[in-house]
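Reproduced below: structure.cif, with mmCIF, C-alpha atoms.
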```
data_start
#
loop_
_atom_site.label_atom_id
_atom_site.label_comp_id
_atom_site.auth_asym_id
_atom_site.auth_seq_id
_atom_site.Cartn_x
_atom_site.Cartn_y
_atom_site.Cartn_z
CA MET Q 19 -17.80 -13.88 -18.44
CA ASP Q 20 -14.97 -11.42 -18.95
CA ILE Q 21 -16.13 -9.34 -16.00
CA LEU Q 22 -16.16 -12.46 -13.83
CA SER Q 23 -12.64 -13.51 -14.80
CA LEU Q 24 -11.41 -9.95 -14.37
CA THR Q 25 -12.86 -9.82 -10.85
CA LEU Q 26 -11.37 -13.23 -10.07
CA TYR Q 27 -7.99 -12.03 -11.30
CA ILE Q 28 -8.12 -8.77 -9.32
CA VAL Q 29 -9.01 -10.65 -6.12
CA LEU Q 30 -6.88 -13.78 -6.50
CA ALA Q 31 -3.64 -12.32 -7.92
CA PRO Q 32 -2.68 -10.34 -4.79
CA LEU Q 33 -3.83 -13.26 -2.64
CA PHE Q 34 -1.49 -15.69 -4.40
CA GLY Q 35 1.20 -13.03 -4.74
CA GLY Q 36 1.13 -12.35 -0.99
CA LEU Q 37 1.17 -16.05 -0.14
CA LEU Q 38 4.09 -16.54 -2.51
CA ALA Q 39 5.96 -13.71 -0.77
CA GLY Q 40 5.19 -15.33 2.60
CA VAL Q 41 6.42 -18.75 1.48
CA ASP Q 42 9.46 -17.03 -0.02
CA ARG Q 43 10.31 -15.41 3.31
CA ARG Q 44 9.82 -18.68 5.20
CA ILE Q 45 12.03 -20.65 2.81
CA THR Q 46 14.64 -17.88 2.89
CA ALA Q 47 14.67 -18.05 6.69
CA ARG Q 48 15.02 -21.85 6.63
CA LEU Q 49 17.90 -21.59 4.16
CA GLN Q 50 19.58 -19.26 6.69
CA GLY Q 51 18.94 -21.67 9.57
CA ARG Q 52 16.16 -19.55 11.11
CA PHE Q 53 12.55 -20.42 11.85
CA GLY Q 54 11.14 -17.54 9.85
CA PRO Q 55 7.95 -15.44 9.95
CA PRO Q 56 4.39 -16.76 9.54
CA ILE Q 57 3.29 -17.52 5.95
CA LEU Q 58 0.77 -14.66 6.20
CA GLN Q 59 3.44 -12.14 7.26
CA PRO Q 60 3.26 -10.06 4.01
CA PHE Q 61 -0.45 -9.49 4.66
CA TYR Q 62 0.27 -8.42 8.25
CA ASP Q 63 2.90 -6.01 6.92
CA VAL Q 64 0.53 -4.45 4.40
CA ALA Q 65 -2.29 -4.22 6.95
CA LYS Q 66 0.04 -2.41 9.33
CA LEU Q 67 1.36 -0.07 6.63
CA PHE Q 68 -2.20 1.00 5.85
CA CYS Q 69 -2.66 2.33 9.40
CA LYS Q 70 0.56 4.30 9.39
CA GLU Q 71 0.76 8.02 8.77
CA THR Q 72 1.64 9.18 5.23
CA LEU Q 73 4.75 11.34 5.19
CA VAL Q 74 5.62 12.71 1.77
CA VAL Q 75 8.31 14.91 0.33
CA ARG Q 76 5.92 15.97 -2.47
CA HIS Q 77 2.25 15.06 -2.78
CA THR Q 78 2.67 14.02 -6.43
CA GLN Q 79 4.71 10.97 -5.40
CA THR Q 80 1.57 9.26 -4.11
CA VAL Q 81 -0.22 10.02 -7.39
CA TYR Q 82 2.57 8.33 -9.38
CA ILE Q 83 2.40 5.29 -7.11
CA ILE Q 84 -1.36 5.02 -7.68
CA PHE Q 85 -0.72 5.04 -11.45
CA PHE Q 86 1.99 2.41 -10.96
CA VAL Q 87 -0.47 0.11 -9.18
CA VAL Q 88 -3.29 0.76 -11.66
CA PHE Q 89 -1.11 -0.01 -14.68
CA MET Q 90 0.37 -3.10 -13.04
CA VAL Q 91 -3.14 -4.44 -12.35
CA PHE Q 92 -4.13 -3.48 -15.92
CA THR Q 93 -1.09 -5.32 -17.34
CA GLY Q 94 -1.91 -8.52 -15.49
CA GLY Q 95 -5.55 -8.11 -16.49
CA ILE Q 96 -4.69 -8.04 -20.20
CA PHE Q 97 -2.51 -11.11 -19.82
CA TYR Q 98 -4.89 -13.28 -17.80
CA LEU Q 99 -7.86 -12.32 -19.96
CA GLY Q 100 -5.95 -13.53 -23.00
CA GLY Q 101 -5.14 -10.11 -24.51
CA ASP Q 102 -2.31 -8.90 -26.70
CA LEU Q 103 1.14 -9.97 -25.44
CA LEU Q 104 2.77 -6.90 -26.99
CA LEU Q 105 0.37 -4.65 -25.07
CA VAL Q 106 1.18 -6.58 -21.88
CA ILE Q 107 4.89 -5.86 -22.26
CA PHE Q 108 4.40 -2.18 -23.12
CA SER Q 109 1.93 -1.57 -20.34
CA MET Q 110 4.30 -3.27 -17.87
CA MET Q 111 6.99 -0.88 -19.06
CA LEU Q 112 4.60 2.06 -18.57
CA ALA Q 113 3.83 0.92 -15.01
CA ASN Q 114 7.56 0.79 -14.28
CA THR Q 115 7.99 4.23 -15.78
CA PHE Q 116 5.52 5.56 -13.20
CA LEU Q 117 7.53 3.86 -10.44
CA ILE Q 118 10.65 5.60 -11.75
CA LEU Q 119 8.91 8.98 -11.86
CA ALA Q 120 7.72 8.34 -8.30
CA GLY Q 121 11.26 7.48 -7.24
CA TYR Q 122 12.59 10.75 -8.65
CA ARG Q 123 9.91 12.70 -6.76
CA GLY Q 124 11.44 11.43 -3.51
CA SER Q 125 14.54 13.47 -4.39
CA SER Q 126 16.68 12.22 -1.52
CA PRO Q 127 20.14 10.91 -2.46
CA TYR Q 128 19.12 7.32 -1.66
CA SER Q 129 15.91 7.32 -3.67
CA THR Q 130 17.66 9.10 -6.58
CA VAL Q 131 20.44 6.50 -6.69
CA GLY Q 132 17.84 3.75 -6.36
CA THR Q 133 15.82 5.22 -9.21
CA GLU Q 134 18.84 5.50 -11.47
CA ARG Q 135 19.59 1.86 -10.75
CA GLU Q 136 15.97 1.00 -11.58
CA LEU Q 137 16.49 2.66 -14.98
CA LEU Q 138 19.64 0.58 -15.50
CA GLN Q 139 17.70 -2.54 -14.56
CA MET Q 140 15.04 -1.70 -17.13
CA MET Q 141 17.79 -1.20 -19.71
CA ALA Q 142 19.17 -4.60 -18.73
CA TYR Q 143 16.00 -6.69 -18.98
CA GLU Q 144 14.09 -4.92 -21.78
CA PRO Q 145 15.99 -6.47 -24.77
CA MET Q 146 15.37 -10.01 -23.47
CA VAL Q 147 11.71 -9.22 -22.84
CA LEU Q 148 11.35 -7.95 -26.42
CA PHE Q 149 13.01 -11.11 -27.78
CA TYR Q 150 10.53 -13.06 -25.65
CA VAL Q 151 7.58 -11.43 -27.44
CA VAL Q 152 9.14 -11.67 -30.92
CA ALA Q 153 10.09 -15.33 -30.47
CA ILE Q 154 6.66 -16.28 -29.17
CA TYR Q 155 5.06 -14.54 -32.15
CA MET Q 156 7.38 -16.36 -34.55
CA ALA Q 157 6.62 -19.72 -32.96
CA SER Q 158 2.86 -19.34 -32.61
CA LYS Q 159 2.00 -16.73 -35.29
CA THR Q 160 -0.15 -14.70 -32.91
CA PHE Q 161 0.24 -12.07 -30.21
CA TYR Q 162 -2.96 -13.06 -28.42
CA VAL Q 163 -2.27 -14.82 -25.13
CA GLY Q 164 -5.63 -16.57 -25.32
CA GLN Q 165 -4.76 -18.17 -28.66
CA ILE Q 166 -1.17 -18.98 -27.64
CA ALA Q 167 -2.42 -20.63 -24.46
CA THR Q 168 -4.91 -22.87 -26.24
CA THR Q 169 -3.41 -23.64 -29.64
CA SER Q 170 0.33 -24.08 -29.06
CA HIS Q 171 1.41 -27.39 -30.63
CA PRO Q 172 3.98 -28.43 -29.71
CA MET Q 173 4.66 -26.56 -26.45
CA LEU Q 174 6.58 -23.30 -26.94
CA ILE Q 175 9.38 -24.55 -24.71
CA LYS Q 176 10.31 -27.12 -27.38
CA SER Q 177 11.03 -24.48 -30.02
CA LEU Q 178 12.13 -21.70 -27.62
CA PRO Q 179 14.46 -23.25 -25.01
CA GLY Q 180 16.97 -20.38 -25.40
CA VAL Q 181 14.34 -17.70 -24.91
CA PHE Q 182 13.06 -19.57 -21.85
CA LEU Q 183 16.50 -19.67 -20.22
CA GLY Q 184 17.20 -16.05 -21.12
CA PHE Q 185 13.84 -14.98 -19.70
CA VAL Q 186 14.52 -16.87 -16.45
CA TYR Q 187 17.83 -15.00 -16.25
CA VAL Q 188 16.21 -11.54 -16.48
CA LEU Q 189 13.40 -12.71 -14.19
CA THR Q 190 15.91 -12.38 -11.33
CA ILE Q 191 16.00 -8.64 -12.09
CA LYS Q 192 12.22 -8.34 -12.40
CA LEU Q 193 11.57 -10.25 -9.16
CA ARG Q 194 14.10 -8.00 -7.36
CA LYS Q 195 16.25 -10.90 -6.23
CA SER Q 196 19.97 -10.97 -5.49
CA PRO Q 197 22.36 -10.67 -7.29
CA PHE Q 198 20.27 -8.14 -9.27
CA ASP Q 199 18.31 -6.34 -6.53
CA LEU Q 200 20.12 -3.09 -7.20
CA SER Q 201 17.35 -0.52 -6.95
CA THR Q 202 15.58 -1.88 -3.87
CA SER Q 203 15.73 -5.12 -1.97
CA HIS Q 204 13.48 -7.41 0.02
CA HIS Q 205 16.24 -7.78 2.54
CA GLY Q 206 16.23 -5.36 5.43
CA HIS Q 207 19.42 -3.48 4.88
CA GLN Q 208 21.25 -2.35 1.84
CA GLU Q 209 23.90 0.18 0.94
CA ILE Q 210 21.38 2.77 -0.30
CA VAL Q 211 18.90 2.16 2.58
CA LYS Q 212 15.80 1.04 0.64
CA GLY Q 213 16.69 2.60 -2.70
CA ILE Q 214 13.70 3.60 -4.78
CA THR Q 215 11.21 3.03 -1.92
CA THR Q 216 13.20 4.94 0.71
CA GLU Q 217 10.92 7.99 0.71
CA TYR Q 218 7.65 6.04 0.85
CA THR Q 219 5.80 5.53 4.10
CA GLY Q 220 2.66 3.74 5.23
CA PRO Q 221 -0.13 3.38 2.65
CA SER Q 222 1.97 4.24 -0.41
CA LEU Q 223 4.59 1.64 0.57
CA ALA Q 224 1.75 -0.85 1.00
CA LEU Q 225 0.55 -0.03 -2.54
CA ILE Q 226 4.05 -0.64 -3.92
CA GLU Q 227 4.08 -4.01 -2.17
CA ILE Q 228 0.64 -4.94 -3.58
CA ALA Q 229 1.73 -3.90 -7.10
CA HIS Q 230 4.76 -6.12 -6.65
CA TRP Q 231 2.48 -9.08 -5.84
CA TYR Q 232 0.49 -8.46 -9.03
CA GLU Q 233 3.74 -8.16 -10.98
CA ASN Q 234 5.10 -11.45 -9.60
CA ILE Q 235 1.93 -13.29 -10.55
CA LEU Q 236 2.10 -11.78 -14.05
CA LEU Q 237 5.76 -12.83 -14.42
CA LEU Q 238 4.99 -16.39 -13.32
CA GLY Q 239 2.21 -16.38 -15.94
CA LEU Q 240 4.74 -15.31 -18.58
CA VAL Q 241 6.91 -18.30 -17.57
CA ALA Q 242 3.92 -20.66 -17.62
CA LEU Q 243 3.06 -19.55 -21.17
CA PHE Q 244 6.02 -21.62 -22.43
CA PHE Q 245 4.22 -24.76 -21.29
CA ALA Q 246 0.78 -23.92 -22.71
CA PRO Q 247 -1.67 -25.57 -23.27
CA HIS Q 248 -0.74 -27.73 -20.25
CA LEU Q 249 -1.96 -25.53 -17.36
CA TRP Q 250 -0.63 -27.63 -14.49
CA LEU Q 251 2.73 -28.18 -16.15
CA GLY Q 252 2.96 -24.40 -16.55
CA VAL Q 253 2.08 -23.80 -12.88
CA ALA Q 254 4.61 -26.42 -11.78
CA ALA Q 255 7.29 -24.93 -14.04
CA SER Q 256 6.71 -21.36 -12.83
CA LEU Q 257 6.80 -22.47 -9.18
CA THR Q 258 10.02 -24.41 -9.86
CA VAL Q 259 11.52 -21.30 -11.46
CA TYR Q 260 10.45 -19.23 -8.45
CA SER Q 261 12.06 -21.74 -6.04
CA LEU Q 262 15.23 -21.53 -8.09
CA GLU Q 263 15.09 -17.72 -7.79
CA ILE Q 264 14.76 -17.99 -3.99
CA PHE Q 265 17.81 -20.23 -3.93
CA ILE Q 266 19.80 -17.85 -6.17
CA ASP Q 267 18.65 -14.93 -3.99
CA ASN Q 268 20.17 -16.56 -0.92
CA ALA Q 269 23.31 -17.82 -2.59
CA CYS Q 270 24.46 -14.59 -4.28
CA ALA Q 271 25.87 -11.26 -3.20
CA ARG Q 272 24.60 -8.12 -4.96
CA ALA Q 273 26.22 -7.54 -8.36
CA ARG Q 274 27.44 -4.23 -9.73
CA TRP Q 275 25.35 -2.49 -12.37
CA GLN Q 276 27.93 -3.19 -15.11
CA MET Q 277 27.63 -6.91 -14.48
CA THR Q 278 23.82 -6.66 -14.42
CA VAL Q 279 23.48 -4.75 -17.68
CA PHE Q 280 26.18 -6.41 -19.75
CA SER Q 281 25.44 -9.97 -18.66
CA SER Q 282 21.71 -9.47 -19.40
CA TRP Q 283 22.52 -8.05 -22.83
CA GLY Q 284 24.92 -10.92 -23.47
CA ILE Q 285 22.25 -13.43 -22.48
CA ALA Q 286 19.70 -11.64 -24.69
CA ALA Q 287 22.12 -11.61 -27.65
CA VAL Q 288 23.16 -15.26 -27.33
CA LEU Q 289 20.06 -17.04 -26.04
CA GLY Q 290 17.34 -14.63 -27.20
CA PHE Q 291 18.64 -13.57 -30.59
CA GLY Q 292 20.24 -16.99 -31.17
CA ASN Q 293 16.92 -18.71 -30.63
CA VAL Q 294 15.13 -16.27 -32.95
CA LEU Q 295 17.83 -16.83 -35.58
CA ALA Q 296 17.49 -20.59 -35.27
CA LEU Q 297 13.72 -20.28 -35.70
CA THR Q 298 14.25 -18.29 -38.91
CA LEU Q 299 16.88 -20.65 -40.37
CA PHE Q 300 15.44 -24.07 -39.49
CA ARG Q 301 11.75 -23.73 -40.01
CA MET F 25 -3.04 -9.18 19.53
CA SER F 26 -4.41 -7.27 16.55
CA LEU F 27 -3.35 -7.91 12.95
CA MET F 28 -1.39 -4.68 12.83
CA GLN F 29 0.75 -5.62 15.82
CA LYS F 30 2.26 -8.59 14.02
CA SER F 31 4.63 -6.54 11.92
CA PRO F 32 6.89 -4.31 14.03
CA TRP F 33 9.64 -2.85 11.86
CA ILE F 34 12.62 -1.54 13.75
CA ILE F 35 15.25 1.10 13.30
CA HIS F 36 18.28 0.74 15.51
CA TYR F 37 20.49 3.69 16.39
CA ASP F 38 23.68 3.55 18.41
CA GLY F 39 23.99 6.73 20.52
CA SER F 40 27.35 6.51 22.26
CA SER F 41 27.14 2.91 23.29
CA CYS F 42 30.18 0.71 23.95
CA ASN F 43 28.73 -1.61 21.24
CA GLY F 44 27.76 -4.22 23.84
CA CYS F 45 24.03 -3.55 23.48
CA ASP F 46 24.32 -3.14 19.66
CA ILE F 47 25.80 -6.61 19.38
CA GLU F 48 22.96 -7.96 21.50
CA VAL F 49 20.36 -6.17 19.31
CA LEU F 50 21.90 -7.76 16.22
CA ALA F 51 22.16 -11.10 18.04
CA ALA F 52 18.36 -11.04 18.24
CA LEU F 53 18.28 -11.27 14.41
CA THR F 54 20.48 -14.37 14.27
CA PRO F 55 19.18 -17.97 13.96
CA MET F 56 19.53 -18.38 17.74
CA TYR F 57 16.84 -15.80 18.60
CA ASP F 58 15.33 -15.02 15.16
CA VAL F 59 13.01 -12.09 15.88
CA GLU F 60 11.61 -12.35 12.35
CA ARG F 61 9.35 -15.04 13.88
CA PHE F 62 7.36 -12.10 15.25
CA GLY F 63 7.53 -10.22 11.95
CA VAL F 64 10.32 -7.96 13.21
CA ILE F 65 12.48 -6.49 10.46
CA ASN F 66 15.53 -4.30 11.03
CA THR F 67 14.75 -1.70 8.38
CA GLY F 68 17.53 0.85 8.69
CA ASN F 69 15.09 3.41 7.29
CA PRO F 70 13.24 5.67 9.75
CA LYS F 71 10.42 6.22 7.24
CA HIS F 72 9.59 2.50 7.26
CA ALA F 73 10.08 1.93 10.98
CA ASP F 74 7.54 1.55 13.80
CA ILE F 75 9.90 1.04 16.72
CA PHE F 76 13.01 3.10 17.41
CA LEU F 77 15.62 1.15 19.39
CA ILE F 78 18.30 3.38 20.90
CA THR F 79 21.37 1.99 22.59
CA GLY F 80 23.86 4.12 24.49
CA SER F 81 23.60 7.59 25.97
CA VAL F 82 22.88 10.75 24.05
CA ASN F 83 25.57 13.39 23.81
CA GLU F 84 25.89 16.91 22.41
CA GLN F 85 26.96 15.61 19.01
CA ASN F 86 24.23 13.10 18.36
CA LYS F 87 21.21 14.71 19.97
CA SER F 88 20.25 16.32 16.65
CA VAL F 89 20.61 12.93 14.91
CA VAL F 90 18.34 11.22 17.45
CA ARG F 91 15.82 14.03 17.12
CA ASN F 92 15.98 13.83 13.30
CA ILE F 93 15.44 10.06 13.16
CA TYR F 94 12.50 10.39 15.55
CA ASP F 95 10.93 13.18 13.47
CA GLN F 96 11.27 11.19 10.24
CA MET F 97 9.32 8.22 11.59
CA PRO F 98 5.64 8.21 10.65
CA ASN F 99 3.06 7.91 13.44
CA PRO F 100 2.25 5.74 15.34
CA LYS F 101 5.79 5.17 16.63
CA VAL F 102 7.36 3.83 19.81
CA VAL F 103 10.80 4.53 21.27
CA VAL F 104 12.59 1.84 23.25
CA ALA F 105 15.77 2.67 25.18
CA VAL F 106 17.97 -0.43 25.29
CA GLY F 107 20.63 -0.86 27.96
CA ILE F 108 21.38 1.08 31.11
CA CYS F 109 23.22 3.88 29.22
CA ALA F 110 20.10 4.54 27.18
CA CYS F 111 17.94 4.44 30.31
CA THR F 112 19.93 6.85 32.49
CA GLY F 113 23.27 7.60 30.89
CA GLY F 114 24.85 4.69 32.78
CA ILE F 115 28.53 4.94 33.66
CA PHE F 116 28.93 7.72 31.10
CA ARG F 117 26.40 9.88 32.94
CA ASP F 118 28.99 12.23 34.41
CA CYS F 119 31.01 12.75 31.22
CA TYR F 120 31.22 16.41 30.24
CA ASN F 121 29.51 15.93 26.85
CA VAL F 122 26.86 13.37 27.86
CA LEU F 123 23.30 14.61 28.30
CA GLY F 124 21.95 11.33 29.69
CA GLY F 125 19.45 8.91 28.19
CA PRO F 126 17.57 9.66 24.94
CA ASP F 127 14.61 10.75 27.07
CA LYS F 128 16.43 14.07 27.42
CA VAL F 129 15.82 14.68 23.69
CA ILE F 130 12.76 12.66 22.60
CA PRO F 131 9.88 10.96 24.45
CA VAL F 132 10.89 7.40 25.39
CA ASP F 133 8.11 4.84 25.89
CA LEU F 134 9.95 1.82 27.25
CA TYR F 135 13.20 1.16 29.07
CA VAL F 136 15.08 -2.13 28.75
CA PRO F 137 17.76 -2.21 31.47
CA GLY F 138 20.91 -4.31 31.49
CA CYS F 139 24.61 -3.99 30.80
CA ALA F 140 24.58 -5.26 28.20
CA ALA F 141 20.83 -5.86 27.76
CA ARG F 142 20.28 -9.56 27.01
CA PRO F 143 18.68 -10.45 23.64
CA GLU F 144 15.80 -12.05 25.57
CA SER F 145 15.06 -8.81 27.39
CA ILE F 146 15.37 -6.79 24.14
CA ILE F 147 12.82 -9.08 22.46
CA ASP F 148 10.63 -8.74 25.55
CA GLY F 149 10.96 -4.94 25.28
CA VAL F 150 9.91 -5.00 21.62
CA ILE F 151 6.91 -7.21 22.37
CA ARG F 152 5.85 -4.85 25.18
CA ALA F 153 6.40 -1.92 22.80
CA LEU F 154 3.74 -3.45 20.54
CA ALA F 155 1.07 -2.90 23.20
CA VAL F 156 2.12 0.76 23.45
CA TRP F 157 2.11 1.01 19.64
CA GLU F 158 -1.45 -0.35 19.48
CA GLU F 159 -2.56 2.13 22.14
CA LYS F 160 -1.06 5.01 20.15
CA ARG F 161 -2.64 3.75 16.94
CA ARG F 162 -6.07 3.74 18.56
CA SER F 163 -5.65 7.25 19.94
CA LEU F 164 -4.42 8.47 16.53
CA THR F 165 -7.33 7.13 14.47
CA GLY F 166 -9.54 9.87 15.93
CA GLN F 167 -7.26 12.57 14.48
CA LYS F 168 -5.97 10.89 11.33
CA GLY F 169 -3.95 13.00 8.93
CA THR F 170 -2.92 15.66 11.40
CA PRO F 171 0.83 15.74 11.81
CA SER F 172 2.03 15.74 15.39
#
```
What do you get writing this file as structure tokens?
Amino acid sequence: MDILSLTLYIVLAPLFGGLLAGVDRRITARLQGRFGPPILQPFYDVAKLFCKETLVVRHTQTVYIIFFVVFMVFTGGIFYLGGDLLLVIFSMMLANTFLILAGYRGSSPYSTVGTERELLQMMAYEPMVLFYVVAIYMASKTFYVGQIATTSHPMLIKSLPGVFLGFVYVLTIKLRKSPFDLSTSHHGHQEIVKGITTEYTGPSLALIEIAHWYENILLLGLVALFFAPHLWLGVAASLTVYSLEIFIDNACARARWQMTVFSSWGIAAVLGFGNVLALTLFR
Amino acid sequence: MSLMQKSPWIIHYDGSSCNGCDIEVLAALTPMYDVERFGVINTGNPKHADIFLITGSVNEQNKSVVRNIYDQMPNPKVVVAVGICACTGGIFRDCYNVLGGPDKVIPVDLYVPGCAARPESIIDGVIRALAVWEEKRRSLTGQKGTPS
């Protein structure tokens, strides 16, 4: 049973993640008054990247990227198989650490600046993510996603509205959307070329893209968890949040790192900590 | 058209163009022409690019830059010279520092004439470049992994 759901997850997550990216690009184009690429464009991109030559600065950079992908798949696997939420968060952090190590291996000015910004982004969203786990534990008395998803009464959103809003705020960073797409961007051009992915070509860039699809699906799952045990309500809510992120992406210019870090910490302190405090005081 | 031909990523370099052709290249990205319909992305990063669009002639100062961008692009790659200056050197041909088109420095696969080249003809050039790209990809698969 577990093997079956694991296989389903490994096959379906990139499929949905890729489709989501395709729909994202189409909606973005329509918001800009363009027709936009086909919905399957992300799959065409990845297919093409796999037949390109691999040019590396150092061979280890590909190894780090492979670890990044493996841990991202592992993270999503724990979550969708109903594992420990704390482990999900730590393993996601580990995956990102491998991406950062990979970025430093590129050692060009652009990838170094991009990697440093990735570190700042991690610093920005980590407190809110930790409040997310703590608050969910306080509300449901368990770290196991399987139990949270089936036995949450009432829905977590009712006791954790602050944590939900705060998490949606840092989701903009995690999804690499403007105004917080500091380290690398989905948009063609940026001031540090492609930031952390600048030095990656062909297959390794394709792997980064696939890991990003897995990550997006995991993040949408984390949003949907607020609406457990209502599966379809959770799916609807996560898709609504994603649409909102697309809109924000197109409506905002890129922020500076100070704004990114301090506003995320502020949000975590007010909405995250405030919600946890309220849970402790009014139980 | 194979699956791989549906995602041509472009890097655009301005040699010593008068900016006429550059504006037309960028015009192709606007809602009016929207080349992203064909999966075209203006990457600005040679390591991610498949097609190298050069506008303007090549001179003594930028020949090393053109060469460098070309060398940084992973195979298979296609070079498209956009505008008459990039094809032959154009009206700048006789200037003391101008070498001529980029084909004096790197191998050019396709020439898009015009002064300035119209966005329609640039898009047409990119679409024709895809056929060349596919040809190169097929010839490369036999000797995968060997740097050229």
Spell out the residues picked by the PyMOL selection byres ((chain Q) within 10 of (chain F)) here, as a PyMOL selection string. chain Q and resi 43-44+47-48+50-56+58-74+205-208+210-212+215-220+223
Could you tell me how far CA of Gly184 (chain Q) lies from CA of Gly290 (chain Q), in Å and to one decimal?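 Between these atoms lies a distance of 6.2 Å.
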For the PyMOL selection byres ((chain Q and resi 152) around 12), applied here, can you spell out every residue it catches as a list in words? Leu103, Leu104, Ile107, Pro145, Met146, Val147, Leu148, Phe149, Tyr150, Val151, Ala153, Ile154, Tyr155, Met156, Ala157, Ser158, Lys159, Thr160, Phe161, Leu178, Val181, Gly290, Phe291, Asn293, Val294, Leu295, Leu297 and Thr298 of chain Q
Between CA of Leu77 (chain F) and CA of Ile93 (chain F), what is the distance in Å, rounded to a tenth?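 For CA of Leu77 (chain F) relative to CA of Ile93 (chain F), the distance reads 10.9 Å.
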I'd like the residues picked by the PyMOL selection byres ((chain F and resi 156) around 12) written out as a PDB file with C-alpha atoms, in the coordinates of the input, using the chain letters and numbers from the file.
```
ATOM      1  CA  MET F  25      -3.040  -9.180  19.530  1.00  0.00           C
ATOM      2  CA  GLN F  29       0.750  -5.620  15.820  1.00  0.00           C
ATOM      3  CA  PRO F  32       6.890  -4.310  14.030  1.00  0.00           C
ATOM      4  CA  ASP F  74       7.540   1.550  13.800  1.00  0.00           C
ATOM      5  CA  ILE F  75       9.900   1.040  16.720  1.00  0.00           C
ATOM      6  CA  PRO F 100       2.250   5.740  15.340  1.00  0.00           C
ATOM      7  CA  LYS F 101       5.790   5.170  16.630  1.00  0.00           C
ATOM      8  CA  VAL F 102       7.360   3.830  19.810  1.00  0.00           C
ATOM      9  CA  VAL F 103      10.800   4.530  21.270  1.00  0.00           C
ATOM     10  CA  VAL F 104      12.590   1.840  23.250  1.00  0.00           C
ATOM     11  CA  VAL F 132      10.890   7.400  25.390  1.00  0.00           C
ATOM     12  CA  ASP F 133       8.110   4.840  25.890  1.00  0.00           C
ATOM     13  CA  LEU F 134       9.950   1.820  27.250  1.00  0.00           C
ATOM     14  CA  GLY F 149      10.960  -4.940  25.280  1.00  0.00           C
ATOM     15  CA  VAL F 150       9.910  -5.000  21.620  1.00  0.00           C
ATOM     16  CA  ILE F 151       6.910  -7.210  22.370  1.00  0.00           C
ATOM     17  CA  ARG F 152       5.850  -4.850  25.180  1.00  0.00           C
ATOM     18  CA  ALA F 153       6.400  -1.920  22.800  1.00  0.00           C
ATOM     19  CA  LEU F 154       3.740  -3.450  20.540  1.00  0.00           C
ATOM     20  CA  ALA F 155       1.070  -2.900  23.200  1.00  0.00           C
ATOM     21  CA  TRP F 157       2.110   1.010  19.640  1.00  0.00           C
ATOM     22  CA  GLU F 158      -1.450  -0.350  19.480  1.00  0.00           C
ATOM     23  CA  GLU F 159      -2.560   2.130  22.140  1.00  0.00           C
ATOM     24  CA  LYS F 160      -1.060   5.010  20.150  1.00  0.00           C
ATOM     25  CA  ARG F 161      -2.640   3.750  16.940  1.00  0.00           C
ATOM     26  CA  ARG F 162      -6.070   3.740  18.560  1.00  0.00           C
ATOM     27  CA  SER F 163      -5.650   7.250  19.940  1.00  0.00           C
TER      28      SER F 163
END
```
Rank nothing, just name the residue among F:Cys111, F:Leu50, F:Cys42, F:Val122 nearest to Glu84 (chain F), using only C-alpha atoms. F:Val122
For Val90 (chain F), please output as a PyMOL selection string all residues within 8 Å (counting only C-alpha atoms; exclusion window: fewer than 6 positions along the same chain). chain F and resi 37+39+126+129-130
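The closest residue to Arg123 (chain Q), picked from Q:Gln79, Q:Thr202, Q:Ser177, Q:Ser281 and counting all atoms listed in the file, is Q:Gln79.
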Which neighbours of Gly138 (chain F) fall inside 9 Å, counting all atoms listed in the file, when residues of the same chain fewer than 5 positions from it are skipped, and could you give them as a short mmCIF file (atom, residue, chain, number, x, y, z; two decimals) with C-alpha atoms, keeping the file's coordinate frame?
```cif
data_model
loop_
_atom_site.label_atom_id
_atom_site.label_comp_id
_atom_site.auth_asym_id
_atom_site.auth_seq_id
_atom_site.Cartn_x
_atom_site.Cartn_y
_atom_site.Cartn_z
CA CYS F 45 24.03 -3.55 23.48
CA VAL F 106 17.97 -0.43 25.29
CA GLY F 107 20.63 -0.86 27.96
CA ILE F 108 21.38 1.08 31.11
CA CYS F 109 23.22 3.88 29.22
CA SER F 145 15.06 -8.81 27.39
#
```
Counting all atoms listed in the file, find residues at most 10 Å from (28.1, 6.3, 24.7) (file frame) and give them as a PyMOL selection string. chain F and resi 38-43+79-83+109-110+113-117+119+121-122+124-125
